[in-house]
>>> print(open('my_file-v6.cif').read())   # mmCIF, C-alpha atoms and all ligand atoms
data_start
loop_
_atom_site.label_atom_id
_atom_site.label_comp_id
_atom_site.auth_asym_id
_atom_site.auth_seq_id
_atom_site.Cartn_x
_atom_site.Cartn_y
_atom_site.Cartn_z
CA MET L 29 104.17 113.49 90.95
CA GLU L 30 103.93 110.20 89.09
CA PHE L 31 100.11 110.19 89.04
CA GLU L 32 99.39 113.81 88.08
CA GLY L 33 96.28 113.87 85.86
CA LYS L 34 95.23 110.35 86.88
CA VAL L 35 92.04 109.40 88.70
CA ALA L 36 92.25 106.51 91.17
CA LEU L 37 89.28 104.83 92.86
CA ILE L 38 89.87 102.68 95.96
CA THR L 39 87.19 100.49 97.52
CA GLY L 40 87.17 99.85 101.27
CA GLY L 41 89.84 102.49 101.74
CA ALA L 42 88.60 104.53 104.70
CA GLN L 43 91.25 102.86 106.86
CA GLY L 44 94.15 100.43 106.70
CA ILE L 45 95.87 99.56 103.44
CA GLY L 46 93.37 101.40 101.23
CA ALA L 47 93.77 104.60 103.24
CA ALA L 48 97.58 104.35 103.02
CA ALA L 49 97.26 103.93 99.25
CA ALA L 50 94.89 106.93 99.07
CA ARG L 51 97.43 109.12 100.88
CA ARG L 52 100.26 107.98 98.59
CA PHE L 53 98.25 108.42 95.37
CA ALA L 54 97.17 111.90 96.46
CA GLY L 55 100.76 112.75 97.39
CA GLU L 56 101.78 111.75 93.86
CA GLY L 57 99.25 114.09 92.27
CA ALA L 58 96.34 111.72 91.58
CA SER L 59 92.73 112.68 92.14
CA VAL L 60 91.50 110.00 94.51
CA VAL L 61 88.04 108.67 95.26
CA VAL L 62 87.65 106.35 98.23
CA ALA L 63 84.45 104.33 98.55
CA ASP L 64 83.61 102.83 101.92
CA LEU L 65 80.70 102.11 104.26
CA ASP L 66 82.26 104.26 106.99
CA GLY L 67 81.40 107.93 106.41
CA PRO L 68 83.11 109.40 109.51
CA ARG L 69 86.39 107.63 108.72
CA LEU L 70 86.22 108.85 105.13
CA LYS L 71 85.92 112.41 106.46
CA GLY L 72 88.89 111.77 108.75
CA LEU L 73 90.95 110.68 105.75
CA GLU L 74 89.85 113.53 103.49
CA GLU L 75 90.87 116.36 105.79
CA PRO L 76 94.62 115.68 106.18
CA ILE L 77 94.94 114.87 102.48
CA ALA L 78 93.33 118.21 101.61
CA ARG L 79 95.55 120.02 104.13
CA ALA L 80 98.59 118.50 102.43
CA GLY L 81 97.34 119.89 99.10
CA GLY L 82 95.97 116.60 97.74
CA ARG L 83 92.67 115.84 96.02
CA MET L 84 90.49 113.16 97.57
CA ARG L 85 86.78 112.64 98.03
CA GLY L 86 85.01 109.98 100.00
CA VAL L 87 81.89 108.24 98.76
CA VAL L 88 79.76 106.33 101.23
CA ALA L 89 78.88 103.18 99.31
CA ASP L 90 78.43 99.47 99.80
CA CYS L 91 81.00 98.16 97.33
CA GLY L 92 79.35 94.74 97.33
CA THR L 93 76.20 96.01 95.64
CA LYS L 94 75.51 97.09 92.08
CA GLY L 95 74.04 100.38 93.32
CA GLY L 96 77.08 101.18 95.46
CA ILE L 97 79.46 100.35 92.62
CA GLU L 98 77.48 102.51 90.20
CA ARG L 99 77.53 105.40 92.67
CA MET L 100 81.27 105.29 93.36
CA ILE L 101 82.21 105.12 89.68
CA SER L 102 79.82 107.81 88.51
CA ASP L 103 80.94 110.00 91.42
CA ALA L 104 84.59 109.62 90.38
CA VAL L 105 83.80 110.41 86.75
CA GLN L 106 81.62 113.40 87.62
CA ALA L 107 84.08 114.83 90.11
CA TYR L 108 87.33 114.26 88.26
CA GLY L 109 86.38 113.63 84.62
CA GLY L 110 87.21 109.94 84.20
CA LEU L 111 88.86 106.89 85.70
CA ASP L 112 92.35 105.46 85.22
CA ILE L 113 93.00 103.22 88.24
CA LEU L 114 90.77 100.91 90.26
CA VAL L 115 91.97 99.34 93.52
CA CYS L 116 89.59 96.81 95.09
CA GLY L 117 90.16 96.22 98.80
CA ALA L 118 86.79 96.23 100.60
CA ILE L 119 86.61 93.31 102.96
CA HIS L 120 84.14 91.43 105.14
CA ARG L 121 85.97 88.91 107.39
CA PRO L 122 83.81 86.45 109.28
CA THR L 123 86.27 84.43 111.38
CA LYS L 124 84.90 81.32 113.04
CA PRO L 125 85.33 77.56 113.05
CA PHE L 126 84.38 75.97 109.73
CA LEU L 127 81.31 74.20 111.10
CA ASP L 128 79.92 77.44 112.58
CA VAL L 129 79.96 79.28 109.25
CA THR L 130 76.43 80.11 108.16
CA GLU L 131 74.99 80.60 104.72
CA ALA L 132 74.55 84.29 105.58
CA ASP L 133 78.30 84.55 106.41
CA LEU L 134 79.16 82.99 103.07
CA ASP L 135 76.74 85.13 101.09
CA LEU L 136 77.90 88.45 102.55
CA ALA L 137 81.60 87.57 102.28
CA TRP L 138 81.20 86.48 98.67
CA GLN L 139 79.19 89.59 97.89
CA VAL L 140 81.75 92.05 99.29
CA ASN L 141 85.04 90.19 98.77
CA VAL L 142 84.55 88.57 95.39
CA LYS L 143 81.41 89.65 93.53
CA GLY L 144 82.00 93.29 94.50
CA TYR L 145 85.52 93.23 92.99
CA PHE L 146 84.32 91.47 89.84
CA MET L 147 81.43 93.86 89.25
CA ALA L 148 83.54 96.94 90.03
CA VAL L 149 86.00 95.96 87.30
CA GLN L 150 83.14 95.33 84.88
CA ARG L 151 81.70 98.77 85.58
CA ALA L 152 85.11 100.44 85.33
CA VAL L 153 85.93 99.07 81.86
CA PRO L 154 83.76 101.51 79.86
CA GLU L 155 85.42 104.38 81.75
CA PHE L 156 88.91 102.97 81.10
CA ARG L 157 88.06 102.66 77.39
CA LYS L 158 87.32 106.39 77.22
CA ARG L 159 90.88 107.03 78.53
CA GLY L 160 92.53 104.48 76.22
CA GLY L 161 93.26 101.95 78.99
CA GLY L 162 93.48 101.46 82.71
CA LYS L 163 95.05 99.75 85.69
CA VAL L 164 93.30 97.35 88.05
CA VAL L 165 94.88 96.31 91.34
CA LEU L 166 92.93 93.74 93.33
CA ILE L 167 93.95 93.14 96.93
CA SER L 168 94.24 89.40 97.39
CA SER L 169 96.21 87.89 100.31
CA THR L 170 98.75 85.28 101.31
CA PHE L 171 95.55 83.59 102.54
CA GLY L 172 94.65 83.16 98.88
CA PHE L 173 97.60 80.74 98.71
CA ALA L 174 97.66 79.34 102.25
CA GLY L 175 95.04 78.31 104.79
CA ALA L 176 94.62 79.26 108.44
CA PRO L 177 92.33 78.03 111.23
CA ASN L 178 88.97 79.83 111.47
CA PHE L 179 89.63 81.72 108.24
CA SER L 180 87.88 79.32 105.84
CA VAL L 181 85.52 81.94 104.44
CA TYR L 182 88.26 84.54 104.03
CA CYS L 183 90.74 82.07 102.49
CA THR L 184 88.10 80.82 100.05
CA CYS L 185 87.31 84.38 98.93
CA LYS L 186 90.96 85.37 98.61
CA GLY L 187 91.71 82.26 96.56
CA ALA L 188 89.02 83.48 94.19
CA VAL L 189 90.62 86.92 94.01
CA VAL L 190 94.03 85.39 93.23
CA ASN L 191 92.56 83.67 90.20
CA MET L 192 90.28 86.59 89.30
CA ALA L 193 93.43 88.61 88.58
CA ARG L 194 94.68 85.90 86.23
CA ALA L 195 91.36 85.39 84.47
CA LEU L 196 90.57 89.09 83.94
CA ALA L 197 94.09 89.61 82.62
CA HIS L 198 93.09 87.46 79.64
CA ASP L 199 89.83 89.25 78.97
CA LEU L 200 91.12 92.79 79.37
CA ALA L 201 94.57 92.68 77.76
CA ARG L 202 93.28 93.87 74.39
CA GLU L 203 91.63 96.83 76.07
CA ASN L 204 95.03 98.03 77.29
CA ILE L 205 93.93 97.35 80.84
CA ASN L 206 96.50 95.78 83.16
CA VAL L 207 95.04 93.57 85.85
CA ASN L 208 97.20 92.50 88.78
CA ALA L 209 96.82 91.81 92.48
CA VAL L 210 98.82 92.54 95.60
CA ALA L 211 98.91 89.70 98.13
CA PRO L 212 99.81 91.14 101.54
CA GLY L 213 101.04 89.10 104.47
CA PRO L 214 99.98 90.11 108.01
CA ILE L 215 99.64 93.89 108.11
CA MET L 216 98.86 95.90 111.24
CA THR L 217 95.67 97.69 110.22
CA GLU L 218 92.49 98.54 112.10
CA GLY L 219 91.01 95.34 110.68
CA MET L 220 93.94 93.30 111.97
CA ARG L 221 93.69 94.96 115.42
CA GLU L 222 90.06 93.88 115.58
CA LEU L 223 91.03 90.29 114.70
CA ILE L 224 93.64 90.37 117.48
CA ARG L 225 91.11 91.75 119.97
CA ASN L 226 88.86 88.75 119.19
CA ASP L 227 91.74 86.25 119.29
CA PRO L 228 94.90 87.60 121.00
CA SER L 229 96.89 84.47 120.00
CA ILE L 230 96.95 85.76 116.42
CA GLU L 231 99.40 88.51 117.34
CA LYS L 232 102.12 86.08 118.40
CA HIS L 233 101.43 83.16 116.10
CA ARG L 234 100.91 84.96 112.80
CA THR L 235 104.48 86.21 112.54
CA ALA L 236 106.34 83.60 114.63
CA ALA L 237 107.63 81.46 111.75
CA MET L 238 108.27 84.31 109.36
CA PRO L 239 111.77 85.24 108.14
CA LEU L 240 110.87 88.86 108.97
CA PRO L 241 108.99 88.21 112.21
CA ARG L 242 106.89 91.36 112.33
CA PHE L 243 103.62 92.71 111.03
CA GLY L 244 103.88 94.87 107.93
CA ARG L 245 102.77 98.48 107.77
CA PRO L 246 99.93 99.57 105.48
CA GLU L 247 102.38 101.92 103.74
CA GLU L 248 104.51 98.91 102.72
CA ILE L 249 101.54 97.51 100.79
CA ALA L 250 100.59 100.92 99.39
CA GLU L 251 104.05 100.98 97.78
CA ALA L 252 103.27 97.80 95.81
CA ILE L 253 99.80 99.08 94.87
CA LEU L 254 101.27 102.28 93.44
CA PHE L 255 103.88 100.31 91.52
CA LEU L 256 101.21 98.09 89.95
CA ALA L 257 99.11 101.16 89.10
CA SER L 258 102.05 102.92 87.42
CA PRO L 259 103.58 102.67 83.95
CA ARG L 260 106.63 101.11 85.64
CA SER L 261 104.76 97.80 85.80
CA ALA L 262 103.41 97.88 82.21
CA TYR L 263 104.60 94.34 81.44
CA MET L 264 103.12 92.86 84.64
CA HIS L 265 99.78 91.29 83.92
CA GLY L 266 97.71 88.68 85.74
CA HIS L 267 100.25 88.65 88.54
CA ASN L 268 99.78 88.36 92.32
CA MET L 269 102.58 90.38 93.86
CA VAL L 270 103.30 88.88 97.26
CA VAL L 271 104.44 91.42 99.89
CA ASP L 272 104.57 89.37 103.04
CA GLY L 273 107.84 89.53 104.99
CA GLY L 274 108.46 85.96 103.83
CA TYR L 275 105.19 84.51 105.18
CA LEU L 276 104.88 82.20 102.18
CA ALA L 277 108.60 81.41 102.13
CA VAL L 278 108.48 79.14 105.17
N1 LIG L 301 95.55 93.52 107.17
C1 LIG L 301 96.07 92.41 106.71
O1 LIG L 301 96.82 91.71 107.41
C2 LIG L 301 95.77 91.95 105.32
C3 LIG L 301 96.46 90.82 104.85
C4 LIG L 301 96.19 90.37 103.56
C5 LIG L 301 95.23 91.00 102.79
N2 LIG L 301 94.58 92.08 103.28
C6 LIG L 301 93.57 92.70 102.43
O2 LIG L 301 93.81 94.06 102.27
C7 LIG L 301 92.56 94.76 102.13
C8 LIG L 301 92.50 95.85 103.18
O3 LIG L 301 92.65 95.24 104.46
P1 LIG L 301 92.82 96.12 105.78
O4 LIG L 301 93.25 95.21 106.86
O5 LIG L 301 93.60 97.31 105.42
O6 LIG L 301 91.30 96.55 105.98
P2 LIG L 301 90.47 96.99 107.27
O7 LIG L 301 89.77 95.78 107.79
O8 LIG L 301 91.31 97.78 108.21
O9 LIG L 301 89.42 97.94 106.56
C9 LIG L 301 88.49 97.41 105.66
C10 LIG L 301 87.60 98.52 105.16
O10 LIG L 301 86.63 97.93 104.29
C11 LIG L 301 85.42 98.62 104.53
N3 LIG L 301 84.29 97.81 104.07
C12 LIG L 301 83.83 96.65 104.58
N4 LIG L 301 82.77 96.23 103.89
C13 LIG L 301 82.55 97.15 102.92
C14 LIG L 301 81.59 97.28 101.87
N5 LIG L 301 80.62 96.37 101.70
N6 LIG L 301 81.66 98.35 101.06
C15 LIG L 301 82.63 99.29 101.25
N7 LIG L 301 83.55 99.22 102.20
C16 LIG L 301 83.52 98.16 103.03
C17 LIG L 301 85.41 98.88 106.02
O11 LIG L 301 84.49 99.91 106.37
C18 LIG L 301 86.86 99.27 106.27
O12 LIG L 301 87.06 100.65 106.13
C19 LIG L 301 91.48 93.71 102.28
O13 LIG L 301 91.07 93.26 101.02
C20 LIG L 301 92.19 92.61 103.04
O14 LIG L 301 91.61 91.35 102.83
C21 LIG L 301 94.82 92.57 104.53
#
>>> encode(input="my_file-v6.cif", output="structure tokens")
Amino acid sequence: MEFEGKVALITGGAQGIGAAAARRFAGEGASVVVADLDGPRLKGLEEPIARAGGRMRGVVADCGTKGGIERMISDAVQAYGGLDILVCGAIHRPTKPFLDVTEADLDLAWQVNVKGYFMAVQRAVPEFRKRGGGKVVLISSTFGFAGAPNFSVYCTCKGAVVNMARALAHDLARENINVNAVAPGPIMTEGMRELIRNDPSIEKHRTAAMPLPRFGRPEEIAEAILFLASPRSAYMHGHNMVVDGGYLAV
């Protein structure tokens, strides 16, 4: 029960990595708020967590907008009395050839994948101050360090998240707020399954050159998120923790 008494907010966590983290946090005694666009999936996550004796509530919110961010944070504070941990993972992934990318693709991706993370941390800081500090875990990606065909928008956004973790670490250190990121390799989530449905070659090619030639499980990333949200990682700051089966080692 490492997180007993702590309140954790996860954005884009109705499925995939965020949902795995929500289950783990709840299993370790945290009160968890998950903000996502997908109300039915949030309900589907809430029920088994409650049955297992955990505390979790879903908030339907667009985490790329100021209004959605305000709603998820005030909901967490009202429901559970404060905020200790913020995990930003909401994602919009337009995948297409570079020359087909539209301004609308870029605007929405930037809004959800970069601006939404930035503004969520800004809004969380006053709540962290009331608790004497906090933990921020941004979800970046190996695609913040490497490129891939048809992923120009995603890679550009994730590169920004990689450096957001470093930059915010400077501004928030004196507030006793740790800022780090987890950079997953290819993980078999609902989002990944959708990418594979659109381009079946991804399934074979993504892992082919990897030392561990398999997709990761969402739970394997949740483990790193919990570590970075715990006192065990107190001296880690501004770091991107790569959890990728060796994807970047080749
Ligand atoms: N799956 C991978 O291989 C992989 C690899 C590296 C990094 N990541 C990162 O991990 C995070 C989670 O990825 P995943 O594959 O588990 O996700 P996923 O695609 O399975 O789920 C993403 C969730 O984000 C939600 N979402 C989308 N736009 C939103 C918005 N505006 N507001 C609120 N919620 C919104 C969706 O409803 C969905 O529940 C993302 O940041 C992703 O970039 C994933």
>>> axis_aligned_box(input="my_file-v6.cif", around="ligand LIG 301 (chain L)", padding_each_side="4 Å", output="AutoDock Vina command-line options")
--center_x 88.7 --center_y 95.5 --center_z 104.6 --size_x 24.2 --size_y 18.3 --size_z 15.2
>>> residues_around(input="my_file-v6.cif", residues="range 221-227 of chain L", least_positions_apart="4", cutoff="10 Å", atoms="all atoms listed in the file", output="PyMOL selection string")
chain L and resi 121-123+215-217+231-232
>>> closest_atom_pairs(input="my_file-v6.cif", of="chain L", to="ligand LIG 301 (chain L)", cutoff="8 Å", atoms="only C-alpha atoms and all ligand atoms", output="tab-separated table")
residue	atom	partner	partner_atom	distance
L:Thr39	CA	L:LIG301	C15	6.0
L:Gly40	CA	L:LIG301	O10	3.6
L:Gly41	CA	L:LIG301	O12	5.5
L:Ala42	CA	L:LIG301	O12	4.4
L:Gln43	CA	L:LIG301	O12	4.8
L:Gly44	CA	L:LIG301	O5	3.4
L:Ile45	CA	L:LIG301	O5	3.8
L:Gly46	CA	L:LIG301	O5	5.9
L:Ala47	CA	L:LIG301	O5	7.6
L:Ala63	CA	L:LIG301	C15	6.0
L:Asp64	CA	L:LIG301	N7	3.6
L:Leu65	CA	L:LIG301	N7	4.6
L:Asp66	CA	L:LIG301	O11	4.9
L:Arg69	CA	L:LIG301	O12	7.5
L:Val88	CA	L:LIG301	C15	7.6
L:Ala89	CA	L:LIG301	C15	5.7
L:Asp90	CA	L:LIG301	N6	3.6
L:Cys91	CA	L:LIG301	N6	3.8
L:Gly92	CA	L:LIG301	N5	4.8
L:Thr93	CA	L:LIG301	N5	7.5
L:Gly96	CA	L:LIG301	N6	7.8
L:Cys116	CA	L:LIG301	O13	7.1
L:Gly117	CA	L:LIG301	O13	3.8
L:Ala118	CA	L:LIG301	O10	4.1
L:Ile119	CA	L:LIG301	C12	4.6
L:His120	CA	L:LIG301	N4	5.1
L:Arg121	CA	L:LIG301	O14	7.7
L:Gln139	CA	L:LIG301	N5	7.9
L:Val140	CA	L:LIG301	N5	5.1
L:Asn141	CA	L:LIG301	O13	7.1
L:Gly144	CA	L:LIG301	N5	8.0
L:Leu166	CA	L:LIG301	O13	7.9
L:Ile167	CA	L:LIG301	O13	5.0
L:Ser168	CA	L:LIG301	C5	5.7
L:Ser169	CA	L:LIG301	C4	4.1
L:Thr170	CA	L:LIG301	C4	6.1
L:Phe171	CA	L:LIG301	C4	6.9
L:Tyr182	CA	L:LIG301	O14	7.7
L:Lys186	CA	L:LIG301	O14	7.3
L:Ala211	CA	L:LIG301	C5	6.1
L:Pro212	CA	L:LIG301	C4	4.2
L:Gly213	CA	L:LIG301	C3	4.9
L:Pro214	CA	L:LIG301	O1	3.6
L:Ile215	CA	L:LIG301	O1	3.6
L:Met216	CA	L:LIG301	N1	5.8
L:Thr217	CA	L:LIG301	O8	4.8
L:Glu218	CA	L:LIG301	O8	4.1
L:Gly219	CA	L:LIG301	O7	3.2
L:Met220	CA	L:LIG301	N1	5.1
L:Phe243	CA	L:LIG301	O1	7.8
L:Gly244	CA	L:LIG301	O1	7.8
L:Pro246	CA	L:LIG301	O5	6.7
>>> atom_distance(input="my_file-v6.cif", atom1="CA of Val62 in chain L", atom2="CA of Ile205 in chain L")
20.6 Å
>>> atom_distance(input="my_file-v6.cif", atom1="CA of Leu276 in chain L", atom2="CA of Cys183 in chain L")
14.1 Å
>>> residues_around(input="my_file-v6.cif", residues="Lys163 in chain L", least_positions_apart="6", cutoff="12 Å", atoms="all atoms listed in the file", output="PyMOL selection string")
chain L and resi 34-38+111-116+149+152-153+155-157+193+196-197+200-201+203-209+253-266
>>> atom_distance(input="my_file-v6.cif", atom1="CA of Glu248 in chain L", atom2="CA of Gly273 in chain L")
10.2 Å
>>> closest_residue(input="my_file-v6.cif", among="L:Gly55, L:Asn178, L:Pro154, L:Glu30", to="Pro76 in chain L", atoms="only C-alpha atoms")
L:Gly55
>>> build_atoms(input="my_file-v6.cif", residues="range 104-128 of chain L", atoms="N, CA, C and O atoms", output="short mmCIF file (atom, residue, chain, number, x, y, z; two decimals), keeping the file's coordinate frame")
data_model
loop_
_atom_site.label_atom_id
_atom_site.label_comp_id
_atom_site.auth_asym_id
_atom_site.auth_seq_id
_atom_site.Cartn_x
_atom_site.Cartn_y
_atom_site.Cartn_z
N ALA L 104 83.20 109.35 90.79
CA ALA L 104 84.59 109.62 90.38
C ALA L 104 84.62 110.33 89.03
O ALA L 104 85.35 111.30 88.83
N VAL L 105 83.79 109.84 88.11
CA VAL L 105 83.80 110.41 86.75
C VAL L 105 83.26 111.83 86.78
O VAL L 105 83.81 112.74 86.13
N GLN L 106 82.19 112.03 87.55
CA GLN L 106 81.62 113.40 87.62
C GLN L 106 82.59 114.37 88.28
O GLN L 106 82.77 115.50 87.82
N ALA L 107 83.23 113.91 89.35
CA ALA L 107 84.08 114.83 90.11
C ALA L 107 85.38 115.13 89.39
O ALA L 107 85.87 116.26 89.40
N TYR L 108 85.96 114.11 88.77
CA TYR L 108 87.33 114.26 88.26
C TYR L 108 87.47 113.99 86.76
O TYR L 108 88.58 113.99 86.23
N GLY L 109 86.34 113.69 86.08
CA GLY L 109 86.38 113.63 84.62
C GLY L 109 86.72 112.29 84.00
O GLY L 109 86.79 112.18 82.77
N GLY L 110 86.92 111.26 84.79
CA GLY L 110 87.21 109.94 84.20
C GLY L 110 87.76 109.01 85.26
O GLY L 110 87.72 109.31 86.45
N LEU L 111 88.29 107.88 84.78
CA LEU L 111 88.86 106.89 85.70
C LEU L 111 90.04 106.20 85.04
O LEU L 111 89.94 105.78 83.88
N ASP L 112 91.15 106.11 85.75
CA ASP L 112 92.35 105.46 85.22
C ASP L 112 92.78 104.24 86.04
O ASP L 112 93.43 103.35 85.50
N ILE L 113 92.46 104.25 87.33
CA ILE L 113 93.00 103.22 88.24
C ILE L 113 91.88 102.76 89.16
O ILE L 113 91.16 103.59 89.74
N LEU L 114 91.74 101.45 89.30
CA LEU L 114 90.77 100.91 90.26
C LEU L 114 91.50 99.96 91.21
O LEU L 114 92.16 99.02 90.75
N VAL L 115 91.39 100.22 92.50
CA VAL L 115 91.97 99.34 93.52
C VAL L 115 90.82 98.76 94.33
O VAL L 115 90.03 99.52 94.92
N CYS L 116 90.69 97.44 94.35
CA CYS L 116 89.59 96.81 95.09
C CYS L 116 90.11 96.19 96.38
O CYS L 116 90.91 95.24 96.34
N GLY L 117 89.65 96.72 97.51
CA GLY L 117 90.16 96.22 98.80
C GLY L 117 89.10 96.04 99.87
O GLY L 117 89.43 95.61 100.98
N ALA L 118 87.84 96.36 99.56
CA ALA L 118 86.79 96.23 100.60
C ALA L 118 86.77 94.79 101.11
O ALA L 118 86.98 93.85 100.35
N ILE L 119 86.52 94.66 102.40
CA ILE L 119 86.61 93.31 102.96
C ILE L 119 85.60 93.07 104.08
O ILE L 119 85.40 93.92 104.95
N HIS L 120 84.97 91.92 104.04
CA HIS L 120 84.14 91.43 105.14
C HIS L 120 84.79 90.13 105.60
O HIS L 120 84.96 89.21 104.81
N ARG L 121 85.21 90.07 106.90
CA ARG L 121 85.97 88.91 107.39
C ARG L 121 85.23 88.17 108.50
O ARG L 121 85.48 88.43 109.67
N PRO L 122 84.36 87.26 108.20
CA PRO L 122 83.81 86.45 109.28
C PRO L 122 84.86 85.41 109.68
O PRO L 122 85.35 84.66 108.83
N THR L 123 85.27 85.41 110.94
CA THR L 123 86.27 84.43 111.38
C THR L 123 85.63 83.53 112.44
O THR L 123 85.23 84.01 113.50
N LYS L 124 85.52 82.28 112.12
CA LYS L 124 84.90 81.32 113.04
C LYS L 124 85.24 79.91 112.58
O LYS L 124 85.65 79.72 111.43
N PRO L 125 85.07 78.94 113.47
CA PRO L 125 85.33 77.56 113.05
C PRO L 125 84.47 77.18 111.84
O PRO L 125 83.31 77.63 111.72
N PHE L 126 85.03 76.36 110.99
CA PHE L 126 84.38 75.97 109.73
C PHE L 126 82.92 75.56 109.92
O PHE L 126 82.04 76.00 109.19
N LEU L 127 82.66 74.74 110.94
CA LEU L 127 81.31 74.20 111.10
C LEU L 127 80.32 75.24 111.63
O LEU L 127 79.11 75.01 111.60
N ASP L 128 80.82 76.38 112.11
CA ASP L 128 79.92 77.44 112.58
C ASP L 128 79.57 78.45 111.48
O ASP L 128 78.74 79.34 111.69
#
